[in-house]
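Shown below: entry30.txt, with compact mmCIF, C-alpha atoms.
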# COMPACT_ATOMS: atom_id res chain seq x y z
CA MET A 1 32.28 62.53 11.33
CA GLU A 2 29.08 61.80 9.46
CA PHE A 3 28.32 59.29 6.68
CA ILE A 4 25.44 59.79 4.27
CA GLY A 5 24.13 57.24 1.80
CA GLN A 6 22.03 58.01 -1.25
CA LEU A 7 18.53 56.65 -1.49
CA SER A 8 16.86 55.46 -4.66
CA THR A 9 13.18 54.64 -4.94
CA ARG A 10 13.64 51.57 -7.13
CA TYR A 11 16.42 49.11 -7.85
CA GLY A 12 18.96 50.32 -10.37
CA SER A 13 22.19 52.20 -10.94
CA GLU A 14 24.44 53.21 -13.82
CA ILE A 15 25.32 49.53 -14.28
CA HIS A 16 21.98 47.92 -13.39
CA PRO A 17 18.96 48.66 -15.57
CA PRO A 18 16.15 50.02 -13.38
CA SER A 19 13.45 47.54 -12.51
CA GLY A 20 10.08 47.80 -10.83
CA PRO A 21 7.84 50.85 -10.50
CA VAL A 22 9.43 54.28 -10.12
CA LEU A 23 8.32 54.25 -6.49
CA ASP A 24 8.88 50.66 -5.34
CA VAL A 25 7.70 50.87 -1.74
CA GLY A 26 9.08 47.50 -0.68
CA PHE A 27 12.48 48.20 -2.22
CA VAL A 28 12.90 51.68 -0.77
CA ARG A 29 12.04 50.43 2.72
CA ARG A 30 14.58 47.60 2.44
CA PHE A 31 17.18 50.00 1.06
CA ALA A 32 16.70 52.45 3.93
CA ALA A 33 16.92 49.59 6.42
CA ALA A 34 20.16 48.40 4.80
CA HIS A 35 21.70 51.85 5.32
CA GLU A 36 20.59 51.91 8.93
CA GLU A 37 22.01 48.44 9.57
CA ALA A 38 25.30 49.44 7.90
CA GLY A 39 25.74 52.36 10.27
CA PHE A 40 25.06 55.30 7.97
CA ASP A 41 23.94 58.45 9.76
CA ARG A 42 21.63 59.72 7.03
CA VAL A 43 20.46 59.05 3.50
CA LEU A 44 20.02 61.69 0.83
CA VAL A 45 16.53 61.77 -0.65
CA GLY A 46 17.00 63.31 -4.09
CA HIS A 47 14.82 65.60 -6.16
CA SER A 48 13.95 66.22 -9.77
CA ALA A 49 10.92 67.58 -11.59
CA SER A 50 9.68 64.03 -12.23
CA SER A 51 10.69 62.14 -9.08
CA PRO A 52 8.55 61.07 -6.10
CA ASP A 53 8.11 63.77 -3.47
CA GLY A 54 11.05 63.67 -1.08
CA LEU A 55 9.25 64.87 2.05
CA GLN A 56 6.67 62.12 1.73
CA VAL A 57 9.34 59.50 1.02
CA ALA A 58 11.27 60.58 4.12
CA ALA A 59 8.14 60.64 6.27
CA ALA A 60 7.24 57.09 5.31
CA LEU A 61 10.76 55.80 5.87
CA ALA A 62 11.14 57.58 9.21
CA ALA A 63 8.22 55.49 10.42
CA SER A 64 9.87 52.23 9.31
CA THR A 65 13.36 52.96 10.69
CA GLU A 66 14.55 53.80 14.18
CA ARG A 67 17.73 55.87 13.97
CA LEU A 68 18.44 56.75 10.34
CA GLY A 69 18.37 60.43 9.42
CA PHE A 70 17.10 61.93 6.16
CA LEU A 71 18.76 64.66 4.13
CA ILE A 72 15.91 65.88 1.94
CA ALA A 73 16.76 67.72 -1.29
CA HIS A 74 14.60 70.82 -1.52
CA ARG A 75 14.30 73.41 -4.28
CA PRO A 76 13.47 76.92 -3.08
CA GLY A 77 10.86 78.70 -5.12
CA PHE A 78 8.10 76.12 -5.50
CA VAL A 79 6.46 76.51 -2.10
CA ALA A 80 6.53 79.47 0.25
CA PRO A 81 9.41 79.40 2.74
CA THR A 82 6.95 79.73 5.62
CA LEU A 83 5.13 76.58 4.42
CA ALA A 84 8.42 74.73 3.96
CA ALA A 85 9.42 75.70 7.50
CA ARG A 86 6.20 74.16 8.87
CA SER A 87 6.53 71.05 6.68
CA PHE A 88 10.09 70.29 7.80
CA ALA A 89 9.30 71.07 11.46
CA THR A 90 6.27 68.76 11.32
CA LEU A 91 8.34 65.92 9.87
CA ASP A 92 11.03 66.57 12.48
CA ALA A 93 8.43 66.09 15.22
CA PHE A 94 7.08 62.84 13.78
CA ALA A 95 10.51 61.40 12.93
CA GLY A 96 12.12 62.32 16.22
CA SER A 97 14.13 65.49 16.63
CA GLY A 98 17.49 65.42 14.92
CA ARG A 99 16.66 63.00 12.07
CA VAL A 100 15.72 65.61 9.46
CA ALA A 101 18.05 67.84 7.44
CA LEU A 102 17.39 70.06 4.42
CA HIS A 103 19.63 69.98 1.33
CA THR A 104 19.20 73.22 -0.60
CA ILE A 105 19.21 72.82 -4.39
CA SER A 106 18.93 76.16 -6.19
CA GLY A 107 18.75 74.29 -9.51
CA GLY A 108 21.50 73.35 -11.96
CA SER A 109 19.33 72.62 -14.99
CA ASP A 110 17.21 75.37 -16.56
CA ALA A 111 15.24 72.72 -18.43
CA ASP A 112 14.34 70.76 -15.30
CA GLN A 113 13.31 73.96 -13.49
CA ALA A 114 11.03 74.80 -16.41
CA ARG A 115 9.21 71.48 -16.08
CA ASP A 116 7.77 72.80 -12.83
CA GLY A 117 7.09 76.21 -14.34
CA ASP A 118 10.17 78.02 -13.02
CA HIS A 119 11.84 80.31 -15.57
CA VAL A 120 14.02 82.39 -13.23
CA ASP A 121 17.61 82.45 -14.49
CA LYS A 122 20.45 80.90 -12.50
CA GLU A 123 21.66 84.11 -10.87
CA GLY A 124 18.06 84.94 -9.98
CA ARG A 125 17.59 81.50 -8.45
CA TYR A 126 20.52 82.10 -6.11
CA ARG A 127 19.10 85.50 -5.07
CA ARG A 128 15.80 83.77 -4.43
CA THR A 129 17.48 81.02 -2.41
CA ASP A 130 19.26 83.62 -0.27
CA GLU A 131 15.97 85.33 0.55
CA TYR A 132 14.15 82.01 0.94
CA LEU A 133 16.58 80.73 3.56
CA ASP A 134 16.41 84.02 5.45
CA VAL A 135 12.64 83.65 5.75
CA LEU A 136 12.80 79.91 6.45
CA ARG A 137 15.18 80.25 9.39
CA ARG A 138 13.32 83.27 10.73
CA THR A 139 10.08 81.26 10.67
CA TRP A 140 11.74 78.58 12.78
CA THR A 141 13.31 80.96 15.27
CA ALA A 142 11.31 84.22 15.51
CA GLU A 143 9.99 84.95 18.99
CA ALA A 144 7.09 86.98 17.60
CA PRO A 145 5.19 87.32 14.31
CA PHE A 146 7.24 89.08 11.65
CA ASP A 147 6.92 90.81 8.30
CA HIS A 148 9.24 90.34 5.35
CA HIS A 149 9.17 92.40 2.17
CA GLY A 150 11.75 91.28 -0.39
CA GLU A 151 12.35 90.74 -4.09
CA PHE A 152 10.67 87.31 -4.16
CA TYR A 153 8.68 87.01 -0.92
CA ASP A 154 6.27 89.33 0.81
CA VAL A 155 4.80 87.95 4.02
CA ALA A 156 2.92 89.71 6.79
CA ASP A 157 2.48 88.64 10.41
CA ALA A 158 4.24 85.32 9.73
CA GLN A 159 4.46 82.82 12.57
CA THR A 160 4.36 79.10 13.19
CA ASP A 161 3.11 76.99 16.07
CA VAL A 162 5.32 74.02 15.11
CA ARG A 163 9.08 74.36 15.48
CA PRO A 164 11.99 71.95 15.25
CA GLY A 165 13.00 70.29 18.49
CA ARG A 166 16.56 71.34 17.68
CA PRO A 167 17.89 73.35 14.72
CA ILE A 168 17.36 71.53 11.41
CA PRO A 169 20.72 71.45 9.58
CA ILE A 170 20.80 73.20 6.22
CA PHE A 171 23.10 71.62 3.63
CA PHE A 172 23.94 73.54 0.49
CA GLY A 173 25.44 72.33 -2.78
CA GLY A 174 27.17 74.12 -5.64
CA SER A 175 30.50 75.15 -7.11
CA SER A 176 29.77 78.52 -8.71
CA GLU A 177 30.65 81.89 -7.23
CA ALA A 178 26.94 82.45 -6.53
CA ALA A 179 26.76 79.12 -4.70
CA TYR A 180 29.77 80.03 -2.57
CA ARG A 181 28.23 83.40 -1.75
CA VAL A 182 24.79 82.12 -0.73
CA GLY A 183 25.95 78.82 0.75
CA GLY A 184 28.76 80.52 2.62
CA LYS A 185 26.16 82.73 4.26
CA HIS A 186 23.56 80.08 5.12
CA ALA A 187 24.97 76.54 5.11
CA ASP A 188 25.56 74.45 8.18
CA VAL A 189 27.23 71.99 5.79
CA PHE A 190 28.47 72.87 2.29
CA ALA A 191 28.40 69.88 -0.08
CA LEU A 192 31.01 69.28 -2.78
CA TRP A 193 31.54 66.52 -5.33
CA GLY A 194 34.69 64.43 -5.20
CA GLU A 195 37.55 66.36 -6.80
CA PRO A 196 41.31 65.96 -6.29
CA LEU A 197 42.64 67.09 -2.93
CA ALA A 198 44.15 70.35 -4.17
CA ALA A 199 40.95 71.39 -5.96
CA THR A 200 38.89 70.44 -2.91
CA ALA A 201 41.12 72.57 -0.68
CA GLU A 202 40.58 75.50 -3.09
CA GLN A 203 36.81 75.05 -2.90
CA ILE A 204 36.86 74.88 0.89
CA ALA A 205 38.86 78.11 0.97
CA SER A 206 36.27 79.75 -1.31
CA VAL A 207 33.40 78.62 0.92
CA HIS A 208 35.16 79.87 4.04
CA ALA A 209 35.99 83.20 2.40
CA ALA A 210 32.33 83.66 1.47
CA ALA A 211 31.27 82.77 5.02
CA ARG A 212 33.65 85.36 6.47
CA ALA A 213 32.40 87.95 3.97
CA ALA A 214 28.87 87.26 5.26
CA GLY A 215 30.06 88.02 8.78
CA ARG A 216 30.22 84.45 10.06
CA THR A 217 32.79 83.41 12.65
CA GLN A 218 31.84 79.71 12.66
CA MET A 219 32.64 78.12 9.31
CA PRO A 220 30.27 75.70 7.57
CA GLY A 221 31.07 72.01 7.76
CA ILE A 222 32.17 70.41 4.49
CA SER A 223 30.72 67.31 2.82
CA VAL A 224 32.33 65.52 -0.14
CA SER A 225 30.71 62.80 -2.28
CA PHE A 226 32.36 59.71 -3.76
CA ARG A 227 31.60 56.37 -5.41
CA PRO A 228 33.87 53.86 -3.57
CA ILE A 229 34.77 50.68 -5.46
CA LEU A 230 36.20 48.14 -3.01
CA GLY A 231 38.05 44.86 -3.42
CA ALA A 232 39.71 42.37 -1.09
CA THR A 233 42.98 43.17 -2.89
CA GLU A 234 44.09 46.14 -4.98
CA GLU A 235 43.98 43.95 -8.08
CA GLN A 236 40.42 42.84 -7.37
CA ALA A 237 39.33 46.43 -6.74
CA TRP A 238 40.78 47.64 -10.04
CA ASP A 239 39.34 44.69 -11.95
CA ARG A 240 35.96 45.61 -10.54
CA ALA A 241 36.48 49.31 -11.34
CA HIS A 242 37.17 48.57 -15.00
CA ASP A 243 34.16 46.27 -15.14
CA VAL A 244 31.99 49.06 -13.70
CA LEU A 245 33.36 51.49 -16.29
CA ASP A 246 32.71 49.07 -19.16
CA ARG A 247 29.13 48.64 -18.00
CA ILE A 248 28.55 52.40 -17.64
CA VAL A 249 29.77 52.89 -21.20
CA ALA A 250 27.64 50.00 -22.47
CA ALA A 251 24.57 51.48 -20.76
CA GLY A 252 25.16 54.90 -22.28
CA GLY A 253 26.20 56.53 -19.01
CA GLY A 254 22.68 56.77 -17.60
CA GLY A 255 21.36 56.58 -14.07
CA GLY A 256 20.56 58.81 -11.14
CA SER A 257 19.41 58.80 -7.56
CA PHE A 258 15.87 58.28 -8.83
CA THR A 259 16.80 55.87 -11.61
CA GLY A 260 15.06 56.12 -14.94
CA ARG A 261 15.07 57.92 -18.25
CA SER A 262 13.90 61.21 -16.75
CA SER A 263 16.76 61.40 -14.24
CA ASN A 264 19.23 60.49 -16.98
CA ARG A 265 17.88 63.31 -19.16
CA GLN A 266 18.11 65.75 -16.27
CA GLY A 267 21.70 64.68 -15.63
CA HIS A 268 22.87 65.34 -19.17
CA GLU A 269 21.10 68.72 -19.18
CA ALA A 270 22.80 69.66 -15.91
CA THR A 271 26.23 68.72 -17.25
CA ARG A 272 25.96 71.48 -19.82
CA THR A 273 25.14 74.22 -17.26
CA ASN A 274 26.29 73.00 -13.84
CA VAL A 275 29.68 74.31 -12.71
CA GLY A 276 30.21 71.28 -10.45
CA SER A 277 29.78 68.92 -13.40
CA GLN A 278 32.14 71.01 -15.49
CA ARG A 279 34.77 70.82 -12.74
CA LEU A 280 34.52 67.02 -12.61
CA MET A 281 34.91 66.81 -16.36
CA ALA A 282 37.96 69.08 -16.16
CA ALA A 283 39.50 66.80 -13.51
CA ALA A 284 38.89 63.81 -15.79
CA GLU A 285 40.62 65.59 -18.67
CA GLN A 286 43.67 66.23 -16.46
CA GLY A 287 44.14 62.52 -15.79
CA GLU A 288 42.45 59.27 -14.81
CA LEU A 289 44.07 58.81 -11.40
CA HIS A 290 44.61 61.51 -8.78
CA ASP A 291 46.13 61.51 -5.32
CA ARG A 292 45.89 58.18 -3.50
CA CYS A 293 43.08 56.49 -5.45
CA LEU A 294 40.64 59.04 -6.92
CA TRP A 295 39.56 57.69 -10.33
CA THR A 296 37.79 59.97 -12.81
CA PRO A 297 36.78 57.81 -15.84
CA THR A 298 33.44 56.97 -14.21
CA ALA A 299 32.66 60.69 -14.13
CA ALA A 300 33.67 61.18 -17.75
CA ALA A 301 31.65 58.17 -18.91
CA SER A 302 28.49 59.29 -17.10
CA GLY A 303 28.73 62.94 -18.11
CA ALA A 304 29.60 63.98 -14.53
CA ALA A 305 25.92 64.62 -13.92
CA GLY A 306 26.35 64.19 -10.17
CA ASN A 307 28.37 62.26 -7.62
CA SER A 308 30.45 60.22 -10.07
CA THR A 309 34.15 60.10 -9.19
CA ALA A 310 35.34 56.82 -7.67
CA LEU A 311 37.76 55.88 -4.91
CA VAL A 312 39.26 52.51 -5.87
CA GLY A 313 41.13 50.04 -3.68
CA THR A 314 40.98 47.86 -0.63
CA PRO A 315 38.96 49.17 2.32
CA GLU A 316 42.25 50.25 3.91
CA THR A 317 43.28 52.25 0.82
CA VAL A 318 39.90 53.93 0.43
CA ALA A 319 39.68 54.68 4.16
CA ALA A 320 43.10 56.33 3.99
CA ALA A 321 41.93 58.40 1.00
CA LEU A 322 38.82 59.57 2.87
CA LEU A 323 41.00 60.52 5.83
CA ASP A 324 43.17 62.59 3.47
CA TYR A 325 40.04 64.67 2.81
CA ALA A 326 39.23 64.74 6.51
CA ASP A 327 42.66 66.30 7.05
CA LEU A 328 41.48 69.17 4.83
CA GLY A 329 38.51 69.76 7.12
CA VAL A 330 35.88 67.48 5.54
CA SER A 331 33.52 66.18 8.23
CA THR A 332 30.81 64.50 6.14
CA PHE A 333 31.08 61.91 3.37
CA LEU A 334 28.29 60.98 0.99
CA LEU A 335 29.01 57.48 -0.34
CA ARG A 336 27.05 55.69 -3.05
CA GLY A 337 27.84 52.38 -4.68
CA TYR A 338 27.14 50.84 -8.06
CA ASP A 339 25.70 47.62 -6.59
CA PRO A 340 23.06 49.04 -4.28
CA PHE A 341 22.64 46.47 -1.50
CA ASP A 342 26.03 44.78 -1.71
CA ASP A 343 27.96 48.04 -1.61
CA VAL A 344 25.98 49.46 1.31
CA ALA A 345 26.67 46.30 3.31
CA ALA A 346 30.37 46.34 2.35
CA TYR A 347 30.77 49.98 3.32
CA GLY A 348 29.18 49.35 6.70
CA ARG A 349 31.21 46.21 7.35
CA ASP A 350 34.61 47.11 5.89
CA LEU A 351 34.94 50.86 5.29
CA LEU A 352 33.05 53.03 7.76
CA PRO A 353 34.63 51.48 10.87
CA LEU A 354 38.13 52.08 9.47
CA VAL A 355 37.41 55.74 8.74
CA ARG A 356 35.80 56.33 12.11
CA ALA A 357 38.74 54.67 13.90
CA GLY A 358 41.22 56.65 11.83
CA ALA A 359 39.44 59.89 12.60
CA VAL A 360 39.70 59.18 16.33
CA GLU A 361 43.40 58.38 15.99
CA ARG A 362 43.98 61.67 14.14
CA ALA A 363 41.85 63.58 16.67
CA LEU A 364 39.54 64.66 13.86
CA VAL A 365 36.39 64.03 15.92
Have the structure of the file written as structure tokens, please.
Amino acid sequence: MEFIGQLSTRYGSEIHPPSGPVLDVGFVRRFAAAHEEAGFDRVLVGHSASSPDGLQVAAALAASTERLGFLIAHRPGFVAPTLAARSFATLDAFAGSGRVALHTISGGSDADQARDGDHVDKEGRYRRTDEYLDVLRRTWTAEAPFDHHGEFYDVADAQTDVRPGRPIPIFFGGSSEAAYRVGGKHADVFALWGEPLAATAEQIASVHAAARAAGRTQMPGISVSFRPILGATEEQAWDRAHDVLDRIVAAGGGGGSFTGRSSNRQGHEATRTNVGSQRLMAAAEQGELHDRCLWTPTAAASGAAGNSTALVGTPETVAAALLDYADLGVSTFLLRGYDPFDDVAAYGRDLLPLVRAGAVERALV
């Protein structure tokens, strides 16, 4: 079982106005250290057309941490897959083998893609991602120089002298049929946002069906993302949840992994075109509370631009809810709080140990 936090490069969230420079070096180092101290396995380093470069952020933080891994969001299409293969393998060598993972983002917002000069339509982006990951993996693993002649990439005599010490995991996110098809073929871990249990089971079945259609016998792992809101009692947790919701509404629903107006704009653009966002909004329309403690108003209030559904309750209640998802086959949880430092510390102290112990008891690890 793996736990992933979500990095931000300056202080802020949907309920805390961002402060400091967009890349606050002191803050991001303290935030990474807080995740490491709390026992997280990795942190997600996000991406947008206006955010700091994720590979450089991860490289700097790998040097200031000892164990923490980095899941680096990466958009195929902006650099050659052969160059990306060398970049990730180089970082893997400096960080220490096993600390680097790649999170494939084909692109949910046409407008944000266009800011970097990409005007390929969504279906085309998934075809490009499919080809990109073929070349990327082949660059890492080929025993001899190779040629590739495809729709998007044409390379001759490709080879690399730097390779990962062990295979770099490829994560893949999306909820569309194209995402299932390409992610089912390539993903080591397929990432979903936090939907009700029944809908999550349906998505897992779709991913596995796509993997089998691609000829795979080993199914991708599954990651699900949530925004836990904890309290010492159920009443305190729900009081805090409603306070968080009030503050999201008062702030206009903004905020992202790289907090600021640009990430907020990207989020609202993605909501209009991203199938994952549309699914979260549909869950919110079906009801505020699902299953054990999945709460959807935070997603509705923020436009469901990303990881935005909450799990509300005591650490015991939220741990039990996470284990309900583990029973479906989920092996990775991405958890992000609304109070950056306090929530990371609380998850590490009160939540993660309960889930890990419960997974052992259920023989899920």
Which residues, written as an MDAnalysis selection string, have at least one atom at most 6 Å from region 48-56 of chain A, with all atoms listed in the file counted and residues fewer than 3 positions away on the same chain left out? chainID A and resid 45 59 112
Output file for the selection above: C-alpha atoms, as a PDB file, in the frame of the given file:
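Contents of again_21.pdb, freshly written:
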ATOM      1  CA  VAL A  45      16.530  61.770  -0.650  1.00  0.00           C
ATOM      2  CA  ALA A  59       8.140  60.640   6.270  1.00  0.00           C
ATOM      3  CA  ASP A 112      14.340  70.760 -15.300  1.00  0.00           C
TER       4      ASP A 112
END
Within 10 Å of region 207-220 of chain A, counting all atoms listed in the file, which residues show up once you throw out same-chain ones fewer than 2 positions away? Write them as a PyMOL selection string, please. chain A and resi 170-172+175+177-191+201-205+222-223
For Arg349 (chain A), list every protein, DNA or RNA residue within 12 Å, evaluated using all atoms listed in the file, and leave out those in the same chain fewer than 3 positions away; present the list as a PyMOL selection string. chain A and resi 34-35+37-40+230+315+342-346+352-355
Excluding Leu280 (chain A) and residues on its chain fewer than 5 positions from it, collect all residues at most 12 Å away from it, counting all atoms listed in the file, and give them as a CSV table (one decimal) with C-alpha atoms, in the coordinates of the input.
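Final output, selection-v6.csv:
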chain,number,residue,atom,x,y,z
A,175,SER,CA,30.5,75.2,-7.1
A,192,LEU,CA,31.0,69.3,-2.8
A,193,TRP,CA,31.5,66.5,-5.3
A,194,GLY,CA,34.7,64.4,-5.2
A,195,GLU,CA,37.6,66.4,-6.8
A,196,PRO,CA,41.3,66.0,-6.3
A,199,ALA,CA,41.0,71.4,-6.0
A,200,THR,CA,38.9,70.4,-2.9
A,225,SER,CA,30.7,62.8,-2.3
A,226,PHE,CA,32.4,59.7,-3.8
A,271,THR,CA,26.2,68.7,-17.2
A,274,ASN,CA,26.3,73.0,-13.8
A,275,VAL,CA,29.7,74.3,-12.7
A,285,GLU,CA,40.6,65.6,-18.7
A,286,GLN,CA,43.7,66.2,-16.5
A,287,GLY,CA,44.1,62.5,-15.8
A,288,GLU,CA,42.4,59.3,-14.8
A,294,LEU,CA,40.6,59.0,-6.9
A,295,TRP,CA,39.6,57.7,-10.3
A,296,THR,CA,37.8,60.0,-12.8
A,297,PRO,CA,36.8,57.8,-15.8
A,298,THR,CA,33.4,57.0,-14.2
A,299,ALA,CA,32.7,60.7,-14.1
A,300,ALA,CA,33.7,61.2,-17.8
A,301,ALA,CA,31.6,58.2,-18.9
A,302,SER,CA,28.5,59.3,-17.1
A,303,GLY,CA,28.7,62.9,-18.1
A,304,ALA,CA,29.6,64.0,-14.5
A,305,ALA,CA,25.9,64.6,-13.9
A,306,GLY,CA,26.4,64.2,-10.2
A,307,ASN,CA,28.4,62.3,-7.6
A,308,SER,CA,30.4,60.2,-10.1
A,309,THR,CA,34.2,60.1,-9.2
A,310,ALA,CA,35.3,56.8,-7.7
One decimal, Å: what's the distance from CA of Val249 (chain A) over to CA of Gln278 (chain A), could you say?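 Atom-to-atom, CA of Val249 (chain A) to CA of Gln278 (chain A), that is 19.1 Å.
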Counting all atoms listed in the file, figure out which residue out of A:Ala89, A:Arg75, A:Asp339, A:Arg99 gets nearest to Tyr11 (chain A).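 Using all atoms listed in the file, Tyr11 (chain A) sits closest to A:Asp339.
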Contacts of Ala62 (chain A) within 9 Å, all atoms listed in the file, excl. fewer than 5 positions in-chain, as a PyMOL selection string: chain A and resi 57+67-70+91+94-96+99
Please put the answer as AutoDock Vina command-line options: centre and edge lengths, in Å with one decimal, of a box along x, y and z that encloses all listed atoms of region 163-174 of chain A plus 3 Å on each side.
--center_x 18.1 --center_y 72.3 --center_z 6.4 --size_x 24.1 --size_y 10.1 --size_z 30.1
